[in-house]
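Asks: Encoded as C-alpha cells, here's the structure I'll be asking about.
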Amino acid sequence: MALPPLDSHRWHGPLRAFAWGLSSVTRTVLTLVLFATYLGVGALAHDTHFSLGWVLASTILVWAGPAQIILISTLSSGATIIQAALAVTVSAIRLLPMVASVLPMLRGPKTRRRELVLASHFIAVTLWVECFRLLPQVPRERRLAFVFGLGIGLVSICLLANVIGYTLAGSLPPIFAAAMLLLTPLAFLLSTARNCRELSDILALVLGLALFPVIGLLHTGVDILISGMTAGTIAFAVHWWRERA
Amino acid sequence: MSDFIGDWHALFVLVIAGFLPNEIWRLAGFWLGAGVDEGSDLLVWVRAVATAILAGVIAQIVVQPPGALATVPDLLRYGAVAAGFLAFMLTRRSIFAGVLFGELVMLAGKWWLG
C-alpha cells in the first residue's frame, strides 16, 4: 500500500502521521534484514551469557546492529570496558554524517529541539536510507511524527527478534550465524546503491569500497574514518568541479 | 560472566561502552545538522562522507570478516556479494532479490565445498 498524496487529509494530525510511519515497516524489505540481524544478535547474546533483559536494553539504547555485535563480542572475549567502548566508538562514527544529513529534512519552522534530539537517536543505517526514500512523500510538518512511528516500529520488531533469537539459540544451525553476518554488508550495499541519485553518491560508494581495503592495511584503528573522509571528499570535489565547469 | 550480567554493573557497562559511544556521534551530527541548509554544498559533502564511511563498513565486514563469517572462504564471500549486486541490477534494483540471491550463492557454495 502506497503512502497518501502530500495534500491528502489522511496526513491530518501528528497521530495519523505516526501511524503511517509505524505501518511503513511493511513498506521496506530492510525490516526483514533487521529482523534476521537482531535474531542473530539475540542468539549471540545467549551464547555469550548475557541476560535477555540486557540485550533488549542494548537494542533500545544502542540501536545500531554492528555496534551491538562488536560490544557483545568484545566484552565476551574478556576485553575491558574501556577497550569495548573504544571499539564501539570507532564503529559508530558513521552516525555523525548520517544524522547531520537527515536532520535538515526533518526540521520545520516549528520543530522543537528536544524532539529532534530524540529523533536522532532512531537514526542508524536503515532509517537513514529510508528517510531519503520516504520523507519526500511525507508533508514536512508531519515528517517528525512519521519518523517516530517508523523508528518505534523498527525497534519493536527488533526487540521481538531478540527474544526469538535468544530463545532459539543453540538450535540454530552454525551456517545461520554466517548467513546473518553476510546480511549486513549485502543489505547496506544494495540499499545505499538504490539511493544513489547523484554522481557524488555513486562515486562516494565506489571509492569508499575500493579505498578501505588499501587503507585497512595501515591498521591505524581509524581506517574507516580515513578512507571514508578521503573517498567522500574526492566524490564531493568531483561534484563541485562539475557544477562549476 | 553471567554473575554480573543482569545487575547494575552490567547496565553500567552497557551505558558506558554501548550507549554513550553511539550517542555522542548522533549528538555531534545533531549539532552539525542543525546549522546546515537543505541543498547546501556542505550537506552534499556530509552525505558523500556518510556514504563512503558506510562503504568502508561494508568493505570491512567482507574483507576482514567477523566471527562465523570468517569460516566462509574469501572468494566465496566476494562472489556472494558480487552475485547479490548483479541480481539487484538485473531486477531493476530490487534489494530483496539481491540479498536473497547473494545469501543463496553463499549457502550453495558452503554446501558444495562441504
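Quick note on naming: the chains in the C-alpha cells go A, B, ... in the order shown, residues restart at 1 in each chain, and ligands are numbered from 1 in order of appearance.
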Would you list the contacts of Gly165 of chain A as an MDAnalysis selection string, taking every protein, DNA or RNA residue within 7 Å and counting only C-alpha atoms, but skipping same-chain residues closer than 2 positions in sequence?

Replies: chainID A and resid 39:40 42:43 161:163 167:169

Asks: Take the residues that were just selected and, keeping C-alpha atoms, output them as a CSV table (one decimal), in the first residue's frame.

Replies:
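Everything below was put into out.csv:
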chain,number,residue,atom,x,y,z
A,39,LEU,CA,17.6,-12.6,15.6
A,40,GLY,CA,21.4,-13.2,15.3
A,42,GLY,CA,19.8,-12.3,20.4
A,43,ALA,CA,21.4,-15.7,19.7
A,161,ALA,CA,13.6,-10.8,17.0
A,162,ASN,CA,16.0,-10.6,20.0
A,163,VAL,CA,13.6,-12.6,22.1
A,167,THR,CA,15.2,-18.5,22.9
A,168,LEU,CA,16.2,-20.4,19.7
A,169,ALA,CA,19.9,-20.1,20.3

Asks: Please run DSSP on the backbone and report, as a PyMOL selection string, all residues within chain B that come out as helix (DSSP H, G or I).

Replies: chain B and resi 8-34+41-63+67-71+74-90+95-113

Asks: Mind listing as an MDAnalysis selection string which residues of chain A are within 6 Å of chain B, counting only C-alpha atoms?

Replies: chainID A and resid 49:51 61:62 84:85 89 92 94:101 103:104 177:178 185:186 190 201 204:205 208:209 212 224 228:229 231:232 236

Asks: A:Leu159, A:Ile175, A:Leu75, A:Val90: which is nearest Gly114 of chain B, counting only C-alpha atoms?

Replies: A:Ile175

Asks: Looking at A:Thr74, A:Ser227, A:Leu203, A:Leu6, which one is nearest to Val88 of chain A, with distances taken over only C-alpha atoms?

Replies: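 Selected residue with least distance to Val88 of chain A: A:Thr74.
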